[in-house]
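Trainee: Here you go, this is coords-v5.txt (compact mmCIF, C-alpha atoms and all ligand atoms).
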# COMPACT_ATOMS: atom_id res chain seq x y z
CA MET G 1 13.33 105.61 -27.06
CA GLN G 2 13.95 103.53 -23.97
CA GLN G 3 17.22 101.67 -23.93
CA LEU G 4 17.16 97.88 -23.93
CA PRO G 5 18.48 96.35 -20.66
CA LEU G 6 21.63 94.91 -22.27
CA GLU G 7 22.20 97.45 -25.04
CA ASN G 8 25.90 98.04 -25.82
CA THR G 9 26.96 94.98 -23.85
CA ARG G 10 28.99 91.98 -24.98
CA ALA G 11 28.33 88.58 -23.47
CA ILE G 12 29.62 85.02 -23.59
CA VAL G 13 27.10 82.26 -22.86
CA THR G 14 28.61 78.81 -22.41
CA GLY G 15 26.60 75.73 -23.29
CA ALA G 16 24.27 77.85 -25.40
CA SER G 17 23.28 75.34 -28.10
CA SER G 18 20.40 73.91 -26.05
CA GLY G 19 18.32 74.15 -22.91
CA ILE G 20 18.75 76.99 -20.45
CA GLY G 21 21.85 78.32 -22.25
CA GLU G 22 19.92 78.62 -25.50
CA GLY G 23 17.11 80.43 -23.68
CA ILE G 24 19.57 82.86 -22.12
CA ALA G 25 21.30 83.49 -25.46
CA ARG G 26 17.98 84.31 -27.15
CA ALA G 27 16.83 86.56 -24.30
CA PHE G 28 20.18 88.37 -24.16
CA ALA G 29 20.06 89.01 -27.91
CA ALA G 30 16.52 90.38 -27.59
CA ALA G 31 17.75 92.58 -24.73
CA GLY G 32 20.41 94.09 -26.99
CA ALA G 33 23.60 92.16 -26.12
CA SER G 34 26.17 91.02 -28.68
CA LEU G 35 26.80 87.34 -28.07
CA ILE G 36 29.28 84.53 -28.24
CA VAL G 37 27.10 81.42 -28.44
CA ASN G 38 29.30 78.59 -27.18
CA PHE G 39 28.69 74.96 -28.11
CA ARG G 40 30.77 71.85 -27.56
CA SER G 41 29.39 69.38 -30.10
CA ASP G 42 26.09 70.51 -31.63
CA GLU G 43 27.28 72.94 -34.27
CA GLU G 44 24.08 72.70 -36.24
CA ALA G 45 21.98 73.85 -33.28
CA ALA G 46 24.37 76.70 -32.45
CA ASP G 47 24.34 77.87 -36.09
CA ARG G 48 20.54 77.77 -36.15
CA ILE G 49 20.28 79.86 -32.98
CA VAL G 50 22.83 82.38 -34.26
CA GLY G 51 21.02 82.53 -37.62
CA GLU G 52 17.72 83.33 -35.91
CA ILE G 53 19.29 85.97 -33.67
CA ARG G 54 20.83 87.65 -36.70
CA LYS G 55 17.55 87.49 -38.62
CA ASN G 56 16.00 89.45 -35.77
CA GLY G 57 18.70 92.10 -36.06
CA GLY G 58 20.98 90.81 -33.26
CA ARG G 59 24.73 90.19 -33.22
CA ALA G 60 25.91 86.68 -32.45
CA GLU G 61 28.71 84.29 -33.27
CA ALA G 62 28.78 80.51 -32.68
CA VAL G 63 32.07 79.35 -31.17
CA GLN G 64 33.08 75.74 -30.50
CA ALA G 65 34.97 75.15 -27.26
CA ASP G 66 35.26 72.62 -24.46
CA ILE G 67 34.97 74.86 -21.43
CA SER G 68 36.43 72.25 -19.08
CA THR G 69 39.91 73.23 -20.35
CA PRO G 70 41.75 76.56 -20.05
CA GLU G 71 42.32 76.56 -23.82
CA GLY G 72 38.60 76.15 -24.45
CA CYS G 73 37.72 79.09 -22.21
CA GLY G 74 40.50 81.15 -23.80
CA THR G 75 39.02 80.54 -27.25
CA LEU G 76 35.73 82.12 -26.22
CA PHE G 77 37.33 85.29 -24.89
CA GLU G 78 39.57 85.58 -27.96
CA ALA G 79 36.46 85.36 -30.12
CA ALA G 80 34.73 88.06 -28.07
CA ASP G 81 37.79 90.30 -28.50
CA GLU G 82 37.89 89.72 -32.23
CA GLN G 83 34.18 90.07 -32.88
CA PHE G 84 33.14 92.73 -30.38
CA GLY G 85 36.35 94.24 -28.97
CA GLY G 86 35.90 92.72 -25.49
CA VAL G 87 33.41 91.22 -23.08
CA ASP G 88 31.24 92.62 -20.27
CA ILE G 89 29.26 89.58 -19.13
CA LEU G 90 30.05 85.90 -18.69
CA VAL G 91 27.15 83.52 -18.25
CA SER G 92 28.85 80.34 -17.16
CA ASN G 93 26.10 77.90 -17.94
CA ALA G 94 27.45 74.72 -19.55
CA GLY G 95 26.56 71.69 -17.44
CA ILE G 96 25.93 67.96 -17.71
CA GLN G 97 24.44 65.10 -15.70
CA ARG G 98 25.82 61.56 -15.49
CA ASP G 99 23.55 59.89 -12.98
CA ALA G 100 24.20 56.72 -10.97
CA THR G 101 23.60 55.39 -7.49
CA PHE G 102 26.53 56.03 -5.20
CA THR G 103 28.39 52.72 -5.48
CA GLU G 104 27.65 52.50 -9.23
CA LEU G 105 29.09 55.94 -9.94
CA SER G 106 32.25 55.50 -12.01
CA LEU G 107 35.34 57.60 -11.45
CA GLU G 108 35.03 58.73 -15.06
CA ASP G 109 31.49 60.05 -14.55
CA TRP G 110 32.48 61.64 -11.24
CA ARG G 111 35.39 63.44 -12.92
CA GLN G 112 33.49 64.45 -16.04
CA VAL G 113 30.70 66.12 -14.11
CA LEU G 114 33.12 67.88 -11.76
CA ASP G 115 35.25 68.94 -14.76
CA VAL G 116 32.39 70.54 -16.65
CA ASN G 117 30.07 71.72 -13.87
CA LEU G 118 32.68 73.05 -11.44
CA THR G 119 36.21 73.26 -12.88
CA GLY G 120 34.89 74.59 -16.18
CA GLN G 121 32.99 77.35 -14.39
CA PHE G 122 36.15 78.19 -12.40
CA LEU G 123 38.30 78.35 -15.54
CA CYS G 124 35.96 80.56 -17.55
CA ALA G 125 35.39 82.85 -14.56
CA GLN G 126 39.14 83.18 -14.00
CA GLU G 127 39.64 84.15 -17.62
CA ALA G 128 36.75 86.63 -17.39
CA VAL G 129 38.25 88.39 -14.37
CA ARG G 130 41.63 88.72 -16.10
CA ARG G 131 39.96 90.20 -19.19
CA PHE G 132 37.78 92.60 -17.17
CA ARG G 133 40.90 93.95 -15.44
CA ARG G 134 42.74 94.40 -18.72
CA GLN G 135 39.79 96.23 -20.26
CA GLY G 136 39.38 98.59 -17.28
CA LEU G 137 36.31 100.35 -15.93
CA ASP G 138 34.32 102.46 -18.35
CA PRO G 139 31.63 104.32 -16.37
CA GLU G 140 29.98 105.36 -19.64
CA ARG G 141 29.32 101.67 -20.32
CA SER G 142 28.46 100.40 -16.84
CA PRO G 143 29.10 101.06 -13.14
CA ALA G 144 30.55 97.51 -12.99
CA LEU G 145 33.91 96.41 -14.34
CA GLY G 146 32.24 93.16 -15.37
CA LYS G 147 29.58 90.64 -14.44
CA ILE G 148 29.72 86.91 -13.97
CA ILE G 149 26.63 84.75 -13.64
CA PHE G 150 27.12 81.14 -12.65
CA THR G 151 24.47 78.58 -13.36
CA SER G 152 23.96 76.61 -10.20
CA SER G 153 20.92 74.54 -9.22
CA VAL G 154 18.57 73.97 -6.33
CA HIS G 155 20.97 71.05 -5.76
CA GLN G 156 23.59 73.45 -4.46
CA ALA G 157 21.47 73.12 -1.31
CA ILE G 158 19.18 70.10 -1.75
CA PRO G 159 20.98 66.74 -1.48
CA TRP G 160 20.11 64.48 -4.42
CA ALA G 161 20.29 60.70 -4.13
CA GLY G 162 21.65 59.10 -7.27
CA HIS G 163 23.38 62.31 -8.32
CA ALA G 164 26.35 62.66 -5.94
CA ASN G 165 28.64 64.07 -8.65
CA TYR G 166 26.11 66.68 -9.77
CA ALA G 167 25.09 67.85 -6.29
CA THR G 168 28.73 68.02 -5.20
CA ALA G 169 29.63 70.17 -8.21
CA LYS G 170 26.72 72.57 -7.63
CA GLY G 171 27.53 72.81 -3.93
CA GLY G 172 31.02 73.79 -5.04
CA VAL G 173 29.65 76.40 -7.43
CA LYS G 174 27.85 78.06 -4.52
CA LEU G 175 31.03 78.64 -2.52
CA LEU G 176 33.09 79.41 -5.61
CA MET G 177 30.60 82.12 -6.49
CA GLU G 178 30.43 83.53 -2.96
CA THR G 179 34.19 83.48 -2.47
CA MET G 180 34.79 85.21 -5.80
CA ALA G 181 32.10 87.78 -5.01
CA GLN G 182 33.69 88.56 -1.66
CA GLU G 183 37.16 88.81 -3.18
CA LEU G 184 36.29 90.81 -6.29
CA ALA G 185 33.46 93.16 -5.33
CA CYS G 186 36.03 95.84 -4.39
CA GLU G 187 37.09 95.83 -8.06
CA LYS G 188 33.47 96.37 -9.12
CA ILE G 189 33.15 92.87 -10.49
CA ARG G 190 29.70 91.49 -9.76
CA VAL G 191 29.55 87.74 -9.28
CA ASN G 192 26.17 86.05 -8.76
CA ALA G 193 24.42 82.78 -9.54
CA ILE G 194 21.09 81.60 -10.80
CA ALA G 195 19.83 78.35 -9.31
CA PRO G 196 17.13 76.81 -11.47
CA GLY G 197 14.77 74.14 -10.22
CA ALA G 198 13.07 71.77 -12.65
CA ILE G 199 13.13 73.47 -16.04
CA LYS G 200 11.81 71.69 -19.13
CA THR G 201 14.97 70.78 -21.06
CA ALA G 202 16.61 67.65 -22.44
CA ILE G 203 18.66 67.16 -19.25
CA ASN G 204 15.59 66.12 -17.23
CA ARG G 205 13.22 64.94 -19.97
CA ASP G 206 12.52 61.72 -18.02
CA ALA G 207 11.12 63.76 -15.15
CA TRP G 208 8.52 65.76 -17.11
CA GLU G 209 7.73 64.12 -20.43
CA ASP G 210 5.58 61.28 -19.23
CA GLU G 211 2.33 62.06 -17.37
CA GLU G 212 3.05 59.89 -14.32
CA ALA G 213 6.58 61.25 -13.84
CA ARG G 214 5.31 64.83 -14.22
CA LYS G 215 2.72 64.25 -11.49
CA GLU G 216 5.48 63.09 -9.13
CA LEU G 217 7.67 66.05 -10.09
CA LEU G 218 4.88 68.55 -9.46
CA LYS G 219 4.66 67.36 -5.85
CA LEU G 220 8.06 69.05 -5.44
CA ILE G 221 6.99 72.35 -7.01
CA PRO G 222 4.61 74.48 -4.91
CA TYR G 223 3.90 76.81 -7.83
CA GLY G 224 2.35 73.92 -9.73
CA ARG G 225 4.16 73.96 -13.05
CA VAL G 226 7.46 72.84 -14.52
CA GLY G 227 9.67 75.80 -15.43
CA GLU G 228 10.40 77.04 -18.93
CA THR G 229 13.82 78.19 -20.13
CA GLU G 230 12.35 81.69 -20.49
CA ASP G 231 11.75 81.80 -16.71
CA VAL G 232 15.48 81.46 -16.14
CA ALA G 233 16.47 83.64 -19.10
CA GLU G 234 14.46 86.65 -17.90
CA ALA G 235 16.12 86.41 -14.48
CA ALA G 236 19.52 86.24 -16.17
CA VAL G 237 18.82 89.39 -18.21
CA TRP G 238 18.05 91.30 -15.03
CA LEU G 239 21.05 89.92 -13.18
CA ALA G 240 23.35 90.85 -16.08
CA SER G 241 21.90 94.34 -16.45
CA ASP G 242 22.77 97.44 -14.43
CA ALA G 243 19.26 97.33 -12.95
CA SER G 244 20.74 94.81 -10.47
CA ASP G 245 23.91 96.84 -9.82
CA TYR G 246 23.72 96.40 -6.02
CA VAL G 247 23.19 92.63 -6.20
CA VAL G 248 26.50 90.99 -5.31
CA GLY G 249 27.19 87.40 -4.27
CA THR G 250 23.58 86.30 -4.42
CA THR G 251 22.00 83.09 -5.61
CA LEU G 252 18.74 83.81 -7.35
CA PHE G 253 16.54 80.72 -7.15
CA VAL G 254 14.21 80.28 -10.11
CA ASP G 255 12.42 77.16 -9.00
CA GLY G 256 8.66 77.64 -8.49
CA GLY G 257 9.28 77.23 -4.76
CA MET G 258 11.16 73.92 -4.89
CA MET G 259 13.47 75.20 -2.14
CA LEU G 260 10.56 75.52 0.30
CA TYR G 261 10.52 71.88 1.51
CA PRO G 262 7.09 71.22 -0.09
CA ALA G 263 6.87 67.80 1.61
CA PHE G 264 6.25 69.75 4.83
CA ARG G 265 2.95 71.14 3.58
CA GLU G 266 1.35 68.03 5.04
CA GLY G 267 4.04 66.71 7.32
CA GLY G 268 6.16 67.85 10.25
C1 LIG X 1 18.75 69.27 -12.74
C2 LIG X 1 17.44 68.74 -13.25
C3 LIG X 1 16.42 68.64 -12.13
C4 LIG X 1 16.36 69.92 -11.33
C5 LIG X 1 15.46 69.80 -10.10
C6 LIG X 1 18.49 70.57 -12.02
O1 LIG X 1 19.68 71.14 -11.59
O2 LIG X 1 19.65 69.46 -13.82
O3 LIG X 1 17.64 67.46 -13.84
O4 LIG X 1 15.15 68.36 -12.67
O5 LIG X 1 17.64 70.31 -10.91
O6 LIG X 1 15.68 68.63 -9.38
Translate the structure described by the file into structure tokens.
Ligand code: BGC
Mentor:
Amino acid sequence: MQQLPLENTRAIVTGASSGIGEGIARAFAAAGASLIVNFRSDEEAADRIVGEIRKNGGRAEAVQADISTPEGCGTLFEAADEQFGGVDILVSNAGIQRDATFTELSLEDWRQVLDVNLTGQFLCAQEAVRRFRRQGLDPERSPALGKIIFTSSVHQAIPWAGHANYATAKGGVKLLMETMAQELACEKIRVNAIAPGAIKTAINRDAWEDEEARKELLKLIPYGRVGETEDVAEAAVWLASDASDYVVGTTLFVDGGMMLYPAFREGG
């Protein structure tokens, strides 16, 4: 029987009680990974997702933690140790938006977005690297000591009026990811990022739910459809698996071509 892509692996997915994180958790479970399903506030949703994964024969545990603090990140890795005896993959996914025009953007909303979307990713990644080192390389398990996947955005590259905090955080994630990859590849730690475009989740409901807004949004997407969480989740499975063993320090855009300056189809 052919092995599943993530069989015998243990993963932490942050922000997994909804949206892209939920999609990744479900796809990882289907691909054979044992999972820590992190949530911050929606326990009911996390429990439901874990329940469904278990019903399908998977292994998962819902764990509450605020990943913008070192203690919160520590809790997740402790849980992975207790439940599964360690961790092989971190999907650092938790993220928020607090949108405002530049002069209306409050210091609180600036800090909160930077705390969750950038500092939180740094803290969880730092903890992951320490744990990977302590566990040591097991070539029977994987050619990599460990894998970290950051969730970035097309806005790591595309400036976004009205979202200075969010775009700044994602721009930071890009160089955090690349710097870590450069520093840690010699230890066989693979660090990469996925940069989604417009994916149908609660975070951007205003942009796709109503017909008129969706028409405007589609002008930015050459491939002609809004993305689904599964589009991102399938990419994450590959990036976390040993099938992508030589992929190091890369941002994988999953965006229906949003990065291709679609406005230039008619202009320029
Ligand atoms: C944002 C979404 C947005 C998408 C494309 C994502 O990073 O979270 O709200 O629709 O980028 O602009």
Trainee: Would you name the residues within 9 Å of ligand LIG 1 (chain X), counting only C-alpha atoms and all ligand atoms, and put them as a count of residues only?
Mentor: 31
Trainee: Given the point (24.6, 53.8, -5.3) in the coordinates of this file, which residues lie within 12 Å, counting all atoms listed in the file, and how would they look as a VMD selection string?
Mentor: chain G and resid 99 to 106 160 to 165
Trainee: Would you compute the distance between CA of Glu108 in chain G and CA of Ala169 in chain G? Give it in Å to one decimal.
Mentor: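 Computed distance, CA of Glu108 in chain G to CA of Ala169 in chain G, equals 14.4 Å.
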Trainee: Can you tell me, as a PyMOL selection string, what residues are no more than 12 Å from range 141-143 of chain G when counting only C-alpha atoms, ignoring any on the same chain fewer than 4 positions away?
Mentor: chain G and resi 5-10+87-89+135-137+147+185+187-190+240-246
Trainee: At most 12 Å from (27.9, 78.1, -28.3), file frame, all atoms listed in the file: which residues, as a ChimeraX atom specification?
Mentor: /G:11-19,21-26,35-50,60-67,72-73,75-76,79,91-94
Trainee: Complete range 75-86 of chain G at the level of all heavy atoms, written as a PDB file, in the frame of the given file.
Mentor:
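What landed in selection_38.pdb:
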ATOM      1  N   THR G  75      39.575  80.389 -25.905  1.00  0.00           N
ATOM      2  CA  THR G  75      39.020  80.540 -27.250  1.00  0.00           C
ATOM      3  C   THR G  75      37.804  81.463 -27.263  1.00  0.00           C
ATOM      4  O   THR G  75      37.644  82.295 -28.161  1.00  0.00           O
ATOM      5  CB  THR G  75      38.575  79.146 -27.783  1.00  0.00           C
ATOM      6  OG1 THR G  75      39.695  78.287 -27.759  1.00  0.00           O
ATOM      7  CG2 THR G  75      38.003  79.228 -29.171  1.00  0.00           C
ATOM      8  N   LEU G  76      36.965  81.323 -26.256  1.00  0.00           N
ATOM      9  CA  LEU G  76      35.730  82.120 -26.220  1.00  0.00           C
ATOM     10  C   LEU G  76      36.036  83.599 -26.034  1.00  0.00           C
ATOM     11  O   LEU G  76      35.429  84.473 -26.671  1.00  0.00           O
ATOM     12  CB  LEU G  76      34.825  81.633 -25.080  1.00  0.00           C
ATOM     13  CG  LEU G  76      34.361  80.182 -25.175  1.00  0.00           C
ATOM     14  CD1 LEU G  76      33.519  79.819 -23.967  1.00  0.00           C
ATOM     15  CD2 LEU G  76      33.572  79.979 -26.465  1.00  0.00           C
ATOM     16  N   PHE G  77      36.995  83.883 -25.158  1.00  0.00           N
ATOM     17  CA  PHE G  77      37.330  85.290 -24.890  1.00  0.00           C
ATOM     18  C   PHE G  77      38.085  85.914 -26.062  1.00  0.00           C
ATOM     19  O   PHE G  77      37.893  87.096 -26.363  1.00  0.00           O
ATOM     20  CB  PHE G  77      38.096  85.395 -23.567  1.00  0.00           C
ATOM     21  CG  PHE G  77      37.212  85.160 -22.380  1.00  0.00           C
ATOM     22  CD1 PHE G  77      36.964  83.877 -21.908  1.00  0.00           C
ATOM     23  CD2 PHE G  77      36.559  86.223 -21.767  1.00  0.00           C
ATOM     24  CE1 PHE G  77      36.119  83.657 -20.840  1.00  0.00           C
ATOM     25  CE2 PHE G  77      35.706  86.006 -20.692  1.00  0.00           C
ATOM     26  CZ  PHE G  77      35.486  84.717 -20.222  1.00  0.00           C
ATOM     27  N   GLU G  78      38.909  85.099 -26.740  1.00  0.00           N
ATOM     28  CA  GLU G  78      39.570  85.580 -27.960  1.00  0.00           C
ATOM     29  C   GLU G  78      38.521  85.956 -28.999  1.00  0.00           C
ATOM     30  O   GLU G  78      38.621  86.991 -29.660  1.00  0.00           O
ATOM     31  CB  GLU G  78      40.486  84.490 -28.549  1.00  0.00           C
ATOM     32  CG  GLU G  78      41.769  84.260 -27.770  1.00  0.00           C
ATOM     33  CD  GLU G  78      42.575  85.541 -27.566  1.00  0.00           C
ATOM     34  OE1 GLU G  78      42.719  86.290 -28.550  1.00  0.00           O
ATOM     35  OE2 GLU G  78      43.015  85.802 -26.436  1.00  0.00           O
ATOM     36  N   ALA G  79      37.521  85.095 -29.132  1.00  0.00           N
ATOM     37  CA  ALA G  79      36.460  85.360 -30.120  1.00  0.00           C
ATOM     38  C   ALA G  79      35.710  86.637 -29.774  1.00  0.00           C
ATOM     39  O   ALA G  79      35.393  87.447 -30.656  1.00  0.00           O
ATOM     40  CB  ALA G  79      35.501  84.179 -30.178  1.00  0.00           C
ATOM     41  N   ALA G  80      35.442  86.841 -28.477  1.00  0.00           N
ATOM     42  CA  ALA G  80      34.730  88.060 -28.070  1.00  0.00           C
ATOM     43  C   ALA G  80      35.569  89.302 -28.379  1.00  0.00           C
ATOM     44  O   ALA G  80      35.047  90.339 -28.808  1.00  0.00           O
ATOM     45  CB  ALA G  80      34.388  88.004 -26.580  1.00  0.00           C
ATOM     46  N   ASP G  81      36.884  89.189 -28.165  1.00  0.00           N
ATOM     47  CA  ASP G  81      37.790  90.300 -28.500  1.00  0.00           C
ATOM     48  C   ASP G  81      37.726  90.611 -29.986  1.00  0.00           C
ATOM     49  O   ASP G  81      37.575  91.758 -30.397  1.00  0.00           O
ATOM     50  CB  ASP G  81      39.227  89.928 -28.129  1.00  0.00           C
ATOM     51  CG  ASP G  81      39.581  90.373 -26.722  1.00  0.00           C
ATOM     52  OD1 ASP G  81      38.726  91.006 -26.071  1.00  0.00           O
ATOM     53  OD2 ASP G  81      40.701  90.065 -26.270  1.00  0.00           O
ATOM     54  N   GLU G  82      37.858  89.548 -30.776  1.00  0.00           N
ATOM     55  CA  GLU G  82      37.890  89.720 -32.230  1.00  0.00           C
ATOM     56  C   GLU G  82      36.588  90.275 -32.775  1.00  0.00           C
ATOM     57  O   GLU G  82      36.574  91.204 -33.582  1.00  0.00           O
ATOM     58  CB  GLU G  82      38.115  88.356 -32.893  1.00  0.00           C
ATOM     59  CG  GLU G  82      39.536  88.148 -33.382  1.00  0.00           C
ATOM     60  CD  GLU G  82      39.765  86.684 -33.681  1.00  0.00           C
ATOM     61  OE1 GLU G  82      38.936  86.085 -34.407  1.00  0.00           O
ATOM     62  OE2 GLU G  82      40.756  86.131 -33.146  1.00  0.00           O
ATOM     63  N   GLN G  83      35.484  89.705 -32.318  1.00  0.00           N
ATOM     64  CA  GLN G  83      34.180  90.070 -32.880  1.00  0.00           C
ATOM     65  C   GLN G  83      33.650  91.387 -32.333  1.00  0.00           C
ATOM     66  O   GLN G  83      33.082  92.186 -33.068  1.00  0.00           O
ATOM     67  CB  GLN G  83      33.137  88.978 -32.582  1.00  0.00           C
ATOM     68  CG  GLN G  83      33.447  87.626 -33.167  1.00  0.00           C
ATOM     69  CD  GLN G  83      33.429  87.659 -34.691  1.00  0.00           C
ATOM     70  OE1 GLN G  83      32.659  88.406 -35.289  1.00  0.00           O
ATOM     71  NE2 GLN G  83      34.292  86.887 -35.307  1.00  0.00           N
ATOM     72  N   PHE G  84      33.835  91.597 -31.024  1.00  0.00           N
ATOM     73  CA  PHE G  84      33.140  92.730 -30.380  1.00  0.00           C
ATOM     74  C   PHE G  84      34.084  93.675 -29.657  1.00  0.00           C
ATOM     75  O   PHE G  84      33.647  94.635 -29.018  1.00  0.00           O
ATOM     76  CB  PHE G  84      32.095  92.207 -29.370  1.00  0.00           C
ATOM     77  CG  PHE G  84      31.216  91.099 -29.880  1.00  0.00           C
ATOM     78  CD1 PHE G  84      31.015  89.933 -29.140  1.00  0.00           C
ATOM     79  CD2 PHE G  84      30.564  91.205 -31.112  1.00  0.00           C
ATOM     80  CE1 PHE G  84      30.210  88.905 -29.604  1.00  0.00           C
ATOM     81  CE2 PHE G  84      29.757  90.181 -31.581  1.00  0.00           C
ATOM     82  CZ  PHE G  84      29.581  89.022 -30.833  1.00  0.00           C
ATOM     83  N   GLY G  85      35.384  93.373 -29.655  1.00  0.00           N
ATOM     84  CA  GLY G  85      36.350  94.240 -28.970  1.00  0.00           C
ATOM     85  C   GLY G  85      36.382  94.072 -27.460  1.00  0.00           C
ATOM     86  O   GLY G  85      36.916  94.922 -26.745  1.00  0.00           O
ATOM     87  N   GLY G  86      35.831  92.975 -26.935  1.00  0.00           N
ATOM     88  CA  GLY G  86      35.900  92.720 -25.490  1.00  0.00           C
ATOM     89  C   GLY G  86      34.652  92.015 -24.994  1.00  0.00           C
ATOM     90  O   GLY G  86      33.822  91.562 -25.786  1.00  0.00           O
TER      91      GLY G  86
END
